[in-house]
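Participant: The structure is given below, and queries will be raised subsequently.
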Amino acid sequence: SVQTLGILSTMSVVWVEPLRSALKVLMMFSFDMHILQVECMVGQSAAWSYCLRQVVAPCAALYIALVIFLKKKFHKPELLYIVETSNAVGVCYQAFFVSILVSITLPFVCYSHPGKGGSSMVSNPSVLCFGGGEYTAMVVVGAVSFLVSIVPFLAVVVYATWNYRSATADNERSWRHLTTFRFLFFRYKPQTYYFG
């Protein structure tokens, strides 16, 4: 629900105080880098700002995997690395899935100019849609980000849900499957596993 409020701040609505300030803080949950003022580092380039926005989720997944690896190596050698990493990354992606998807689709949300003036991105009106240059770079980054962030997560979810019945019927695979994909199934009764 917090990410949904953050997404509300991207709408073309003039919000009144104190809601405006609250939504500005919640913009971080929709991976909006303007709140961190990254323009100071990368300049005013909309493409670079969008690119930084897209690397947040994959970098967070890599960071989580590294922390769990170090935990296994130096603190708990008996830790099941794949199980812990799958659950930690899965919970993060599940919690921020809508924000990640909305962030990826920003270049594809355009509004028309009056007359035959073309169209601009809603999130960055200075970038003309289908105008080449920065827009093309943003579309390519968005497509790659979709393939790197969304497709693998959805593939894991579909695989885990599809194999739930057969994995739980086999006692050897049951424990491993349920612990590896705990982030999907722990909130639901076994009869309603497909809600995961």
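We name chains A, B, ... following the order of the structure tokens; residues begin at 1 in each chain, and ligands are numbered from 1 as shown.
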Within 10 Å of Phe181 of chain A, counting only C-alpha atoms, which residues qualify if same-chain residues fewer than 4 places away don't, as number ranges by chain?
Facilitator: A: 83-84, 86-87, 90-91, 156-157, 160-161, 164, 176-177, 185-186, 196
Participant: Nearest residue to Ala61 of chain A out of A:Val148, A:Leu79, A:Ala169, A:Ala143, using only C-alpha atoms?
Facilitator: A:Val148
Participant: With only C-alpha atoms as the atoms that count, which of A:Pro107, A:Gly142, A:Pro77, A:Pro58 lies nearest to Ser123 of chain A?
Facilitator: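 For Ser123 of chain A, the nearest of the given residues is A:Pro107.
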Participant: From the set A:His113, A:Phe108, A:Asp170, A:Val144, which residue has the shortest atom-to-atom contact distance to Phe130 of chain A, counting only C-alpha atoms?
Facilitator: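 Closest to Phe130 of chain A, using only C-alpha atoms: A:Phe108.
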Participant: If DSSP is run on the backbone, what residues of segment 19-178 of chain A are strand (DSSP E or B)? A reply as number ranges by chain would be ideal.
Facilitator: A: 110-112, 119-121, 128
Participant: Smallest atom-to-atom distance to Ile100 of chain A: which of A:Ile68, A:Val151, A:Ala22, A:Ala47, using only C-alpha atoms?
Facilitator: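 Counting only C-alpha atoms, the residue closest to Ile100 of chain A is A:Val151.
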Participant: How far is it from atom CA of Trp48 of chain A to atom CA of Tyr135 of chain A, in Å with one decimal?
Facilitator: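 About the pair atom CA of Trp48 of chain A and atom CA of Tyr135 of chain A: they are 11.1 Å apart.
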Participant: How far is it from atom CA of Thr85 of chain A to atom CA of Ala167 of chain A, in Å with one decimal?
Facilitator: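 Separating atom CA of Thr85 of chain A from atom CA of Ala167 of chain A is a distance of 19.8 Å.
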Participant: Could you tell me how far atom CA of Ala137 of chain A lies from atom CA of Ser45 of chain A, in Å and to one decimal?
Facilitator: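 That distance, rounded to one decimal, is 11.1 Å.
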Participant: Counting only C-alpha atoms, which of A:Glu172, A:Val98, A:Gln54, A:Ala88 gets nearest to Val139 of chain A?
Facilitator: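 Of A:Glu172, A:Val98, A:Gln54, A:Ala88, the one nearest Val139 of chain A is A:Gln54, counting only C-alpha atoms.
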Participant: DSSP on the backbone, helix (DSSP H, G or I) only: what residues of segment 96-161 of chain A does that give? Format it as a VMD selection string.
Facilitator: chain A and resid 96 to 104 106 to 108 134 to 161
